[in-house]
file coords_37.cif (mmCIF, C-alpha atoms and all ligand atoms)
data_my_file
#
loop_
_atom_site.label_atom_id
_atom_site.label_comp_id
_atom_site.auth_asym_id
_atom_site.auth_seq_id
_atom_site.Cartn_x
_atom_site.Cartn_y
_atom_site.Cartn_z
CA MET A 1 -8.46 -30.09 -5.32
CA SER A 2 -4.91 -30.98 -6.38
CA SER A 3 -2.93 -28.25 -8.04
CA ALA A 4 0.48 -27.68 -9.61
CA ILE A 5 0.76 -24.53 -7.47
CA SER A 6 2.09 -24.42 -3.90
CA ASN A 7 -0.74 -24.20 -1.45
CA THR A 8 0.07 -20.76 0.03
CA TYR A 9 -3.27 -19.12 -0.80
CA GLY A 10 -6.82 -20.06 0.03
CA ARG A 11 -8.01 -19.13 -3.44
CA LEU A 12 -11.60 -18.36 -4.36
CA PRO A 13 -13.16 -20.65 -6.99
CA VAL A 14 -13.10 -18.14 -9.83
CA ALA A 15 -10.75 -17.17 -12.69
CA PHE A 16 -11.06 -14.02 -14.77
CA THR A 17 -10.57 -13.79 -18.49
CA HIS A 18 -10.77 -10.04 -19.10
CA GLY A 19 -11.84 -6.74 -17.67
CA LYS A 20 -12.88 -3.19 -18.49
CA GLY A 21 -12.79 -0.31 -16.01
CA VAL A 22 -13.97 -1.56 -12.61
CA TRP A 23 -15.47 -4.74 -14.11
CA LEU A 24 -14.01 -8.23 -14.48
CA TRP A 25 -15.50 -11.21 -16.36
CA ASP A 26 -14.99 -14.83 -15.32
CA THR A 27 -14.60 -17.97 -17.44
CA ASN A 28 -18.41 -18.38 -17.46
CA GLY A 29 -18.94 -14.87 -18.81
CA ARG A 30 -20.23 -13.58 -15.48
CA ARG A 31 -19.45 -9.95 -14.55
CA TYR A 32 -18.05 -8.78 -11.19
CA LEU A 33 -17.55 -5.32 -9.72
CA ASP A 34 -13.89 -5.27 -8.72
CA ALA A 35 -13.65 -3.36 -5.43
CA MET A 36 -10.19 -4.81 -4.72
CA ALA A 37 -8.22 -3.83 -7.84
CA GLY A 38 -5.84 -6.74 -7.31
CA ILE A 39 -5.07 -5.56 -3.74
CA GLY A 40 -4.79 -1.89 -4.66
CA VAL A 41 -2.65 -2.49 -7.75
CA SER A 42 -4.93 -1.87 -10.75
CA CYS A 43 -5.51 1.80 -9.97
CA LEU A 44 -6.57 2.52 -13.57
CA GLY A 45 -8.96 -0.42 -13.54
CA HIS A 46 -8.73 -3.02 -16.30
CA ASP A 47 -7.88 -2.58 -19.98
CA HIS A 48 -7.05 1.10 -19.66
CA PRO A 49 -6.24 2.24 -23.24
CA LYS A 50 -3.28 4.49 -22.32
CA LEU A 51 -1.65 1.87 -20.10
CA VAL A 52 -2.21 -0.92 -22.63
CA ALA A 53 -0.74 1.24 -25.40
CA ALA A 54 2.31 2.22 -23.35
CA ILE A 55 3.07 -1.39 -22.40
CA SER A 56 2.48 -2.69 -25.93
CA GLU A 57 4.63 -0.01 -27.57
CA GLN A 58 7.48 -0.47 -25.10
CA ALA A 59 7.32 -4.27 -25.35
CA ALA A 60 7.65 -4.03 -29.12
CA ARG A 61 10.80 -1.87 -28.78
CA VAL A 62 12.71 -3.33 -25.84
CA ILE A 63 11.49 -5.01 -22.63
CA HIS A 64 14.62 -5.36 -20.54
CA THR A 65 18.21 -4.16 -20.74
CA SER A 66 19.41 -4.14 -17.05
CA ASN A 67 20.87 -1.52 -14.77
CA LEU A 68 24.27 -1.95 -16.39
CA TYR A 69 23.07 0.68 -18.88
CA GLN A 70 21.25 4.00 -18.97
CA ILE A 71 17.47 3.55 -18.95
CA PRO A 72 15.74 6.74 -20.12
CA GLN A 73 12.28 5.48 -19.11
CA GLN A 74 13.61 4.92 -15.56
CA GLU A 75 15.10 8.41 -15.50
CA ALA A 76 11.78 9.91 -16.63
CA LEU A 77 9.73 7.94 -14.09
CA ALA A 78 12.15 8.83 -11.27
CA LYS A 79 11.80 12.50 -12.20
CA ARG A 80 8.01 12.20 -12.07
CA ILE A 81 8.11 10.35 -8.71
CA ASN A 82 10.37 13.06 -7.30
CA GLU A 83 7.86 15.68 -8.44
CA ILE A 84 4.83 14.05 -6.86
CA SER A 85 6.66 13.18 -3.63
CA ASN A 86 8.98 16.19 -3.24
CA MET A 87 11.93 13.79 -2.98
CA THR A 88 15.22 14.03 -4.88
CA GLU A 89 16.24 10.48 -5.82
CA VAL A 90 14.56 7.18 -6.59
CA LEU A 91 15.72 3.57 -6.30
CA PHE A 92 13.68 0.94 -8.16
CA GLY A 93 12.79 -2.62 -7.24
CA ASN A 94 10.04 -5.07 -8.10
CA SER A 95 7.60 -5.18 -5.20
CA GLY A 96 6.52 -3.58 -1.96
CA ALA A 97 8.56 -5.94 0.19
CA GLU A 98 11.63 -5.34 -1.92
CA ALA A 99 11.19 -1.57 -1.72
CA ASN A 100 10.80 -1.75 2.08
CA GLU A 101 13.85 -3.96 2.22
CA ALA A 102 15.76 -1.21 0.38
CA ALA A 103 14.47 1.38 2.88
CA ILE A 104 15.62 -0.80 5.78
CA LYS A 105 19.04 -1.23 4.18
CA LEU A 106 19.27 2.52 3.56
CA ALA A 107 18.49 3.27 7.23
CA ARG A 108 21.06 0.70 8.41
CA TYR A 109 23.72 2.10 6.10
CA TYR A 110 22.91 5.59 7.35
CA GLY A 111 23.64 4.32 10.89
CA TYR A 112 26.68 2.30 9.84
CA LYS A 113 28.28 5.38 8.31
CA LYS A 114 27.91 7.10 11.69
CA GLY A 115 29.58 4.18 13.53
CA ASN A 116 26.30 2.77 14.90
CA ASP A 117 26.87 -0.94 15.73
CA LEU A 118 23.18 -1.94 15.85
CA PRO A 119 21.17 0.50 13.73
CA THR A 120 17.64 0.10 15.05
CA ILE A 121 14.36 0.93 13.34
CA ILE A 122 11.18 1.77 15.23
CA THR A 123 8.11 0.08 13.71
CA MET A 124 4.43 -0.01 14.60
CA GLU A 125 1.90 -2.41 16.06
CA SER A 126 -0.40 -3.92 13.40
CA SER A 127 2.02 -2.83 10.66
CA TRP A 128 2.54 -4.62 7.35
CA HIS A 129 5.73 -4.22 5.30
CA GLY A 130 6.11 -7.51 3.42
CA ARG A 131 7.13 -11.16 3.63
CA THR A 132 10.91 -11.16 3.10
CA LEU A 133 12.85 -11.87 6.29
CA GLY A 134 13.78 -8.22 6.82
CA THR A 135 10.31 -6.84 6.17
CA LEU A 136 8.75 -9.67 8.18
CA ALA A 137 10.87 -8.55 11.14
CA ALA A 138 9.35 -5.08 10.66
CA THR A 139 5.83 -6.48 10.24
CA ASP A 140 3.53 -6.97 13.23
CA SER A 141 1.59 -10.10 12.28
CA GLU A 142 2.02 -13.24 14.36
CA LYS A 143 0.31 -15.22 11.59
CA ALA A 144 2.86 -14.09 8.99
CA ARG A 145 5.91 -14.43 11.27
CA THR A 146 5.27 -17.74 13.04
CA GLY A 147 7.69 -20.47 12.01
CA PHE A 148 10.11 -18.23 10.13
CA GLY A 149 12.52 -17.30 12.88
CA PRO A 150 15.20 -16.36 13.50
CA LEU A 151 14.27 -12.99 12.05
CA PRO A 152 16.82 -10.16 11.70
CA GLU A 153 17.29 -8.04 14.82
CA GLY A 154 17.34 -4.25 14.93
CA PHE A 155 13.60 -3.52 15.15
CA VAL A 156 11.62 -2.09 18.05
CA LYS A 157 7.85 -2.20 17.90
CA VAL A 158 5.70 0.53 19.48
CA LYS A 159 2.01 1.38 19.78
CA TYR A 160 0.63 2.92 16.57
CA ASN A 161 -0.54 6.52 16.47
CA ASP A 162 1.09 7.21 19.86
CA LEU A 163 3.90 9.77 19.80
CA GLU A 164 4.91 9.17 23.42
CA ALA A 165 5.50 5.50 22.65
CA VAL A 166 7.98 6.47 19.91
CA ARG A 167 9.71 8.98 22.17
CA ASN A 168 10.04 6.42 24.97
CA ALA A 169 11.43 3.78 22.61
CA GLY A 170 14.05 6.28 21.48
CA ASP A 171 14.94 7.11 25.07
CA LYS A 172 15.45 3.41 25.82
CA GLU A 173 17.40 2.54 22.67
CA PRO A 174 20.06 5.09 21.71
CA ARG A 175 20.89 3.27 18.48
CA VAL A 176 17.62 4.17 16.74
CA VAL A 177 18.24 5.45 13.19
CA ALA A 178 14.77 5.56 11.68
CA VAL A 179 11.03 5.20 12.12
CA LEU A 180 9.17 3.12 9.53
CA LEU A 181 5.39 3.35 9.37
CA GLU A 182 2.25 3.37 7.27
CA VAL A 183 0.31 6.57 8.00
CA LEU A 184 -2.84 4.69 6.96
CA GLN A 185 -2.39 1.01 7.75
CA GLY A 186 -3.77 -1.39 5.15
CA GLU A 187 -3.37 -5.06 6.08
CA GLY A 188 -3.51 -3.95 9.73
CA GLY A 189 -7.21 -3.15 9.28
CA ILE A 190 -7.49 0.24 7.49
CA ARG A 191 -6.22 2.18 10.50
CA PRO A 192 -5.54 5.88 10.01
CA SER A 193 -3.13 7.95 12.09
CA ASP A 194 -3.81 11.50 13.24
CA ILE A 195 -2.42 14.56 11.51
CA ALA A 196 -1.02 15.82 14.85
CA TYR A 197 0.77 12.47 15.27
CA MET A 198 2.36 12.66 11.82
CA LYS A 199 3.49 16.25 12.41
CA GLY A 200 4.80 15.35 15.89
CA LEU A 201 6.67 12.37 14.49
CA ARG A 202 8.29 14.55 11.84
CA LYS A 203 9.45 16.94 14.54
CA LEU A 204 10.73 14.13 16.77
CA CYS A 205 12.71 12.59 13.89
CA ASP A 206 14.29 16.00 13.20
CA GLU A 207 15.24 16.46 16.86
CA ARG A 208 16.80 13.00 17.14
CA GLY A 209 18.39 12.78 13.70
CA TRP A 210 16.20 9.79 12.72
CA LEU A 211 15.01 9.10 9.20
CA MET A 212 11.23 9.30 8.82
CA MET A 213 10.33 6.50 6.41
CA ILE A 214 6.73 6.18 5.26
CA ASP A 215 5.46 2.99 3.65
CA GLU A 216 2.97 4.27 1.05
CA VAL A 217 2.83 0.95 -0.81
CA GLN A 218 -0.93 0.69 -0.31
CA SER A 219 -1.93 4.27 0.58
CA GLY A 220 0.12 6.01 -2.13
CA ILE A 221 -0.32 6.79 -5.83
CA GLY A 222 -3.53 8.71 -5.38
CA ARG A 223 -5.50 6.16 -3.40
CA THR A 224 -6.51 8.54 -0.58
CA GLY A 225 -7.13 11.52 -2.88
CA LYS A 226 -3.59 12.92 -2.71
CA TRP A 227 -0.54 11.44 -4.38
CA LEU A 228 0.63 10.21 -0.97
CA ALA A 229 -1.42 9.78 2.20
CA HIS A 230 1.06 11.67 4.40
CA GLN A 231 0.51 14.77 2.24
CA TRP A 232 -2.80 15.28 4.10
CA ALA A 233 -0.60 16.23 7.10
CA ASP A 234 1.54 18.53 4.97
CA ILE A 235 4.78 16.89 6.10
CA LEU A 236 7.86 15.76 4.18
CA PRO A 237 9.35 12.40 5.16
CA ASP A 238 12.94 11.39 4.34
CA VAL A 239 12.03 8.15 2.57
CA VAL A 240 8.80 7.18 0.80
CA VAL A 241 8.14 3.54 -0.14
CA LEU A 242 6.01 2.83 -3.21
CA ALA A 243 4.75 -0.21 -5.12
CA LYS A 244 1.22 -1.59 -5.72
CA GLY A 245 -0.49 1.14 -7.81
CA LEU A 246 2.73 2.57 -9.24
CA GLY A 247 2.74 0.41 -12.39
CA GLY A 248 -1.02 0.14 -12.86
CA GLY A 249 -0.65 -3.67 -12.69
CA VAL A 250 2.93 -4.51 -13.66
CA PRO A 251 5.31 -5.43 -10.80
CA ILE A 252 7.29 -2.38 -9.74
CA GLY A 253 8.46 -0.97 -6.42
CA ALA A 254 10.52 2.07 -5.53
CA ILE A 255 11.85 4.14 -2.70
CA ALA A 256 12.20 7.89 -3.02
CA ALA A 257 14.61 9.73 -0.73
CA ARG A 258 15.60 13.27 0.15
CA GLY A 259 17.63 15.28 2.65
CA PRO A 260 19.69 13.09 5.00
CA ALA A 261 18.46 9.94 3.19
CA ALA A 262 19.68 11.07 -0.24
CA GLY A 263 23.08 9.85 -1.37
CA VAL A 264 23.35 7.26 1.42
CA LEU A 265 23.50 4.22 -0.85
CA GLY A 266 26.42 4.43 -3.29
CA PRO A 267 27.72 2.24 -6.15
CA GLY A 268 27.80 -1.45 -5.24
CA SER A 269 25.77 -1.03 -2.05
CA HIS A 270 22.48 -2.25 -3.48
CA GLY A 271 21.18 -3.60 -6.76
CA THR A 272 18.53 -5.42 -8.74
CA THR A 273 18.52 -7.36 -12.00
CA PHE A 274 14.91 -6.70 -12.99
CA GLY A 275 14.22 -3.43 -11.17
CA GLY A 276 13.28 -0.36 -13.20
CA SER A 277 13.19 -2.03 -16.62
CA PRO A 278 12.09 -0.05 -19.68
CA LEU A 279 8.80 -2.00 -19.70
CA VAL A 280 7.71 -1.39 -16.11
CA CYS A 281 8.90 2.22 -16.15
CA ALA A 282 6.91 2.90 -19.33
CA ALA A 283 3.90 1.44 -17.51
CA GLY A 284 4.62 3.60 -14.45
CA LEU A 285 4.87 6.75 -16.56
CA ALA A 286 1.61 5.97 -18.35
CA THR A 287 -0.09 5.24 -15.02
CA LEU A 288 0.99 8.49 -13.36
CA GLY A 289 0.15 10.37 -16.56
CA ALA A 290 -3.38 8.95 -16.75
CA LEU A 291 -4.03 9.50 -13.03
CA GLU A 292 -3.15 13.15 -13.57
CA SER A 293 -4.79 13.85 -16.94
CA GLU A 294 -8.01 12.08 -15.94
CA LYS A 295 -8.07 13.83 -12.55
CA LEU A 296 -8.29 10.51 -10.71
CA LEU A 297 -6.88 11.83 -7.42
CA GLU A 298 -9.81 14.22 -7.24
CA ASN A 299 -12.08 11.35 -8.26
CA ALA A 300 -10.67 9.13 -5.48
CA ALA A 301 -11.39 11.84 -2.92
CA ILE A 302 -14.92 12.56 -4.18
CA VAL A 303 -16.12 9.02 -4.92
CA GLY A 304 -14.31 7.73 -1.83
CA ALA A 305 -16.18 10.19 0.39
CA HIS A 306 -19.42 9.27 -1.42
CA LEU A 307 -18.83 5.54 -0.88
CA LYS A 308 -17.90 6.02 2.77
CA ALA A 309 -20.99 8.16 3.40
CA GLY A 310 -23.15 5.62 1.55
CA LEU A 311 -21.85 2.75 3.69
CA GLU A 312 -22.19 4.78 6.88
CA SER A 313 -25.77 5.78 6.25
CA ALA A 314 -26.87 2.32 5.03
CA LEU A 315 -25.19 0.61 8.00
CA LYS A 316 -26.22 3.14 10.64
CA GLY A 317 -27.59 1.42 13.74
CA THR A 318 -26.84 -2.05 12.36
CA PRO A 319 -25.94 -4.32 15.29
CA GLY A 320 -22.45 -5.79 14.95
CA VAL A 321 -21.01 -2.96 12.84
CA LEU A 322 -18.30 -1.13 14.79
CA GLU A 323 -16.95 1.43 12.34
CA VAL A 324 -16.61 2.52 8.72
CA ARG A 325 -13.17 4.08 8.28
CA GLY A 326 -10.43 5.05 5.85
CA GLN A 327 -9.80 7.78 3.36
CA GLY A 328 -10.42 8.19 -0.35
CA LEU A 329 -10.72 4.77 -1.97
CA MET A 330 -9.02 2.88 0.86
CA LEU A 331 -11.95 1.92 3.07
CA GLY A 332 -12.76 -0.61 5.76
CA VAL A 333 -15.83 -1.73 7.67
CA GLU A 334 -15.03 -3.26 11.03
CA LEU A 335 -17.47 -5.83 12.38
CA GLU A 336 -17.70 -7.33 15.86
CA LYS A 337 -17.06 -10.90 14.74
CA PRO A 338 -14.71 -12.56 12.23
CA CYS A 339 -16.30 -12.17 8.82
CA GLY A 340 -14.04 -13.90 6.28
CA VAL A 341 -17.10 -15.80 5.01
CA LEU A 342 -18.39 -12.55 3.50
CA VAL A 343 -15.70 -12.61 0.81
CA GLY A 344 -17.23 -15.72 -0.78
CA ARG A 345 -20.78 -14.42 -0.37
CA ALA A 346 -19.86 -11.13 -2.03
CA LEU A 347 -18.23 -13.07 -4.87
CA GLU A 348 -21.48 -15.00 -5.37
CA ALA A 349 -23.27 -11.66 -5.46
CA GLY A 350 -20.87 -10.29 -8.10
CA LEU A 351 -18.62 -8.16 -5.90
CA LEU A 352 -14.90 -8.53 -5.16
CA ILE A 353 -13.91 -7.49 -1.64
CA ASN A 354 -11.48 -8.77 0.96
CA VAL A 355 -11.31 -9.17 4.74
CA THR A 356 -8.20 -8.26 6.70
CA ARG A 357 -7.39 -8.82 10.39
CA ASP A 358 -10.36 -11.24 10.50
CA ARG A 359 -13.01 -8.58 11.13
CA VAL A 360 -12.36 -5.72 8.71
CA ILE A 361 -14.02 -5.74 5.29
CA ARG A 362 -11.61 -3.96 2.97
CA MET A 363 -12.26 -2.09 -0.28
CA LEU A 364 -9.57 -0.75 -2.63
CA PRO A 365 -11.46 -0.11 -5.89
CA PRO A 366 -9.80 1.32 -9.02
CA LEU A 367 -9.41 5.10 -8.77
CA LEU A 368 -11.64 5.65 -11.81
CA ILE A 369 -14.73 4.18 -10.15
CA ASN A 370 -17.77 6.48 -10.50
CA LYS A 371 -20.56 7.25 -8.04
CA ALA A 372 -23.05 4.85 -9.65
CA GLU A 373 -20.52 2.02 -9.36
CA ALA A 374 -19.82 2.99 -5.74
CA ASP A 375 -23.58 2.87 -5.07
CA GLU A 376 -23.59 -0.63 -6.55
CA ILE A 377 -20.99 -1.70 -3.95
CA VAL A 378 -23.24 -0.41 -1.16
CA LYS A 379 -26.29 -2.10 -2.71
CA ILE A 380 -24.58 -5.50 -2.82
CA LEU A 381 -22.51 -5.35 0.36
CA VAL A 382 -24.85 -3.84 2.95
CA PRO A 383 -27.55 -6.58 2.80
CA LEU A 384 -24.79 -9.21 3.07
CA ILE A 385 -23.41 -7.53 6.20
CA LYS A 386 -26.87 -7.20 7.74
CA ALA A 387 -27.75 -10.84 7.08
CA PHE A 388 -24.37 -11.98 8.43
CA ASN A 389 -24.67 -9.96 11.61
CA ALA A 390 -28.19 -11.30 12.20
CA GLU A 391 -26.89 -14.90 12.18
CA GLN A 392 -26.18 -16.63 15.50
C1 LIG B 401 1.26 -4.90 0.12
C2 LIG B 401 2.12 -4.15 1.03
C3 LIG B 401 3.50 -4.43 1.15
C4 LIG B 401 4.14 -5.61 0.46
O1 LIG B 401 4.11 -5.50 -0.92
P1 LIG B 401 4.42 -6.79 -1.83
O2 LIG B 401 4.42 -6.22 -3.23
O3 LIG B 401 3.33 -7.76 -1.57
O4 LIG B 401 5.75 -7.30 -1.42
C5 LIG B 401 4.26 -3.61 1.95
N1 LIG B 401 3.74 -2.58 2.61
C6 LIG B 401 2.43 -2.28 2.54
C7 LIG B 401 1.90 -1.10 3.29
C8 LIG B 401 1.57 -3.05 1.76
O5 LIG B 401 0.27 -2.77 1.70
#
call {"tool": "encode", "arguments": {"input": "coords_37.cif", "output": "structure tokens", "more": "lines below"}}
Ligand SMILES: *Cc1c(COP(=O)(O)O)cnc(C)c1O
result
Amino acid sequence: MSSAISNTYGRLPVAFTHGKGVWLWDTNGRRYLDAMAGIGVSCLGHDHPKLVAAISEQAARVIHTSNLYQIPQQEALAKRINEISNMTEVLFGNSGAEANEAAIKLARYYGYKKGNDLPTIITMESSWHGRTLGTLAATDSEKARTGFGPLPEGFVKVKYNDLEAVRNAGDKEPRVVAVLLEVLQGEGGIRPSDIAYMKGLRKLCDERGWLMMIDEVQSGIGRTGKWLAHQWADILPDVVVLAKGLGGGVPIGAIAARGPAAGVLGPGSHGTTFGGSPLVCAAGLATLGALESEKLLENAAIVGAHLKAGLESALKGTPGVLEVRGQGLMLGVELEKPCGVLVGRALEAGLLINVTRDRVIRMLPPLLINKAEADEIVKILVPLIKAFNAEQ
């Protein structure tokens, strides 16, 4: 089919006209259970009254002014982000990649100020940090990187969830300034890291004077049942990267910093025209407010555990199913064989899911999903998986 849009996505043959909660309706009036939430973005589901009101009211007053002026909504959202993350300062951008790019620049500047001539960042196997050149250099995906070289230097990749690998990389490269990682990898296949690993990494970063930078773009904003996934390990990083769920659907990214990472970037060192506008910050404030007042972190933990248990028990003993994993409402089912075809079959059955790393079925439903809706996911998805695995 010819299109006016560049062909960078293999799009499914469906368009949605409206939604409510976890449900979306297509142009034919058919209803779908949205277990993807726009890739973890629409954490309050669709048509959430508080978010719609906040965006509408702010749009009617003023949408954009720029960072040449004070922006009270930005100040208020930064304060709230500092509270939920235990950080002390926030820098806004417009996406996950852009926020990671800011974290990378912060780490490099931190090294530069110490006279480091090649500030190097340790990153992880199967990581995902975005598609700009800098974040692509930090991302471990051959598919995403191929054809886009030369990529910026200054990154060393190590085995994920392996503290010794990080230590060895630091021994080999004295110019390391930071470690950048997802503590629960998303695009990499819903891969968790151990609590002992996160604690050990924190300690190692302290010993070596490295910044610990955690990319919570997908795992943050309540998705795992805490505001940030690393909070399960009770550690405090130096930089936290946020985007996806932060605006409930509007494009917003941010990094929050503390300790040695605070105050590194000064006037003129970084900037953004759109970042942190009154409109997106009003949306961010309403999103964080609703997540809190409606106890959606607790809900993510409870319904997430219910959904995981439901999938585990319904798939138990099914040939071709390797593992159900993840935390809260960030879940994956790994199969033995590539299963991208299941996305289209689920769509036909009225369910929106996604497959990452070829063999991992991924679910990132809105955080307000209830147990009955989670049961509906199991009811639709499990027979599809069983039928698929039974095929030759
Ligand atoms: C989605 C994602 C990004 C990139 O975010 P964009 O908004 O697509 O640029 C970065 N890091 C992680 C962990 C992500 O899941």
call {"tool": "closest_residue", "arguments": {"input": "coords_37.cif", "among": "A:Ala372, A:Ile122, A:Val240, A:Ile385", "to": "Met213 of chain A", "atoms": "all atoms listed in the file"}}
result
A:Val240
call {"tool": "closest_residue", "arguments": {"input": "coords_37.cif", "among": "A:Val62, A:Leu296, A:Val303, A:Ala165", "to": "Gly200 of chain A", "atoms": "only C-alpha atoms"}}
result
A:Ala165
call {"tool": "closest_atom_pairs", "arguments": {"input": "coords_37.cif", "of": "chain A", "to": "ligand LIG 401 (chain B)", "cutoff": "9 Å", "atoms": "only C-alpha atoms and all ligand atoms", "output": "tab-separated table"}}
result
residue	atom	partner	partner_atom	distance
A:Ile39	CA	B:LIG401	C1	7.4
A:Gly40	CA	B:LIG401	O5	8.2
A:Asn94	CA	B:LIG401	O2	7.5
A:Ser95	CA	B:LIG401	O2	3.9
A:Gly96	CA	B:LIG401	O1	3.3
A:Ala97	CA	B:LIG401	O4	3.5
A:Glu98	CA	B:LIG401	O4	6.2
A:Ala99	CA	B:LIG401	O4	7.9
A:Asn100	CA	B:LIG401	C5	6.8
A:Ser127	CA	B:LIG401	C7	7.6
A:Trp128	CA	B:LIG401	N1	5.3
A:His129	CA	B:LIG401	C5	3.7
A:Gly130	CA	B:LIG401	C4	4.0
A:Arg131	CA	B:LIG401	O4	6.5
A:Thr132	CA	B:LIG401	O4	7.9
A:Thr135	CA	B:LIG401	C5	8.1
A:Thr139	CA	B:LIG401	N1	8.8
A:Leu181	CA	B:LIG401	C7	8.3
A:Glu182	CA	B:LIG401	C7	6.0
A:Leu184	CA	B:LIG401	C7	8.3
A:Gln185	CA	B:LIG401	C7	6.5
A:Gly186	CA	B:LIG401	O5	5.5
A:Glu187	CA	B:LIG401	O5	6.1
A:Gly188	CA	B:LIG401	C7	8.9
A:Ile214	CA	B:LIG401	C7	9.0
A:Asp215	CA	B:LIG401	C7	5.4
A:Glu216	CA	B:LIG401	C7	5.9
A:Val217	CA	B:LIG401	C6	4.7
A:Gln218	CA	B:LIG401	O5	4.2
A:Ser219	CA	B:LIG401	C7	7.1
A:Val241	CA	B:LIG401	N1	8.0
A:Leu242	CA	B:LIG401	N1	8.3
A:Ala243	CA	B:LIG401	O2	6.3
A:Lys244	CA	B:LIG401	O2	6.2
A:Pro251	CA	B:LIG401	O2	7.7
A:Ile252	CA	B:LIG401	O2	8.1
A:Gly253	CA	B:LIG401	O2	7.4
call {"tool": "closest_residue", "arguments": {"input": "coords_37.cif", "among": "A:Ala138, A:Ile81, A:Ile63, A:Leu91", "to": "Ala254 of chain A", "atoms": "only C-alpha atoms"}}
result
A:Leu91
call {"tool": "residues_around", "arguments": {"input": "coords_37.cif", "residues": "Gly189 of chain A", "least_positions_apart": "6", "cutoff": "9 Å", "atoms": "all atoms listed in the file", "output": "list of chain:residue names"}}
result
A:Ser126, A:Gly332, A:Val333, A:Glu334, A:Val355, A:Thr356, A:Arg357, A:Asp358, A:Arg359, A:Val360, A:Ile361, A:Arg362
call {"tool": "axis_aligned_box", "arguments": {"input": "coords_37.cif", "around": "segment 55-61 of chain A", "padding_each_side": "3 Å", "output": "AutoDock Vina command-line options"}}
result
--center_x 6.6 --center_y -2.1 --center_z -25.8 --size_x 14.3 --size_y 10.3 --size_z 12.7
call {"tool": "closest_residue", "arguments": {"input": "coords_37.cif", "among": "A:Lys295, A:His48, A:Arg80, A:Arg325", "to": "Lys308 of chain A", "atoms": "all atoms listed in the file"}}
result
A:Arg325
call {"tool": "residues_near_point", "arguments": {"input": "coords_37.cif", "point": "(0.2, 14.7, -14.6)", "cutoff": "12 Å", "atoms": "all atoms listed in the file", "output": "ChimeraX atom specification"}}
result
/A:77,80-81,83-84,221-222,227,284-297
call {"tool": "residues_around", "arguments": {"input": "coords_37.cif", "residues": "Met330 of chain A", "least_positions_apart": "3", "cutoff": "7 Å", "atoms": "only C-alpha atoms", "output": "JSON, numbers by chain"}}
result
{"A": [223, 224, 326, 327, 363, 364]}
call {"tool": "decode", "arguments": {"input": "coords_37.cif", "residues": "segment 119-144 of chain A", "atoms": "C-alpha atoms", "output": "PDB file, in the first residue's frame"}}
result
ATOM      1  CA  PRO A 119      34.976  10.052  29.200  1.00  0.00           C
ATOM      2  CA  THR A 120      33.704   6.501  28.801  1.00  0.00           C
ATOM      3  CA  ILE A 121      30.330   5.066  29.763  1.00  0.00           C
ATOM      4  CA  ILE A 122      29.779   1.407  30.565  1.00  0.00           C
ATOM      5  CA  THR A 123      26.573   0.051  29.002  1.00  0.00           C
ATOM      6  CA  MET A 124      24.889  -3.351  28.936  1.00  0.00           C
ATOM      7  CA  GLU A 125      24.285  -6.184  26.510  1.00  0.00           C
ATOM      8  CA  SER A 126      20.699  -6.226  25.165  1.00  0.00           C
ATOM      9  CA  SER A 127      20.199  -2.629  26.330  1.00  0.00           C
ATOM     10  CA  TRP A 128      17.919  -0.077  24.684  1.00  0.00           C
ATOM     11  CA  HIS A 129      18.408   3.676  25.126  1.00  0.00           C
ATOM     12  CA  GLY A 130      17.058   5.219  21.910  1.00  0.00           C
ATOM     13  CA  ARG A 131      17.712   5.932  18.245  1.00  0.00           C
ATOM     14  CA  THR A 132      19.726   9.171  18.203  1.00  0.00           C
ATOM     15  CA  LEU A 133      23.384   8.626  17.316  1.00  0.00           C
ATOM     16  CA  GLY A 134      24.546   8.941  20.925  1.00  0.00           C
ATOM     17  CA  THR A 135      21.886   6.678  22.387  1.00  0.00           C
ATOM     18  CA  LEU A 136      22.300   4.234  19.498  1.00  0.00           C
ATOM     19  CA  ALA A 137      25.978   3.951  20.447  1.00  0.00           C
ATOM     20  CA  ALA A 138      24.795   3.033  23.964  1.00  0.00           C
ATOM     21  CA  THR A 139      22.154   0.617  22.642  1.00  0.00           C
ATOM     22  CA  ASP A 140      22.948  -3.054  22.058  1.00  0.00           C
ATOM     23  CA  SER A 141      20.841  -3.881  19.008  1.00  0.00           C
ATOM     24  CA  GLU A 142      22.562  -4.835  15.766  1.00  0.00           C
ATOM     25  CA  LYS A 143      19.261  -4.341  13.946  1.00  0.00           C
ATOM     26  CA  ALA A 144      18.948  -0.733  15.142  1.00  0.00           C
TER      27      ALA A 144
END
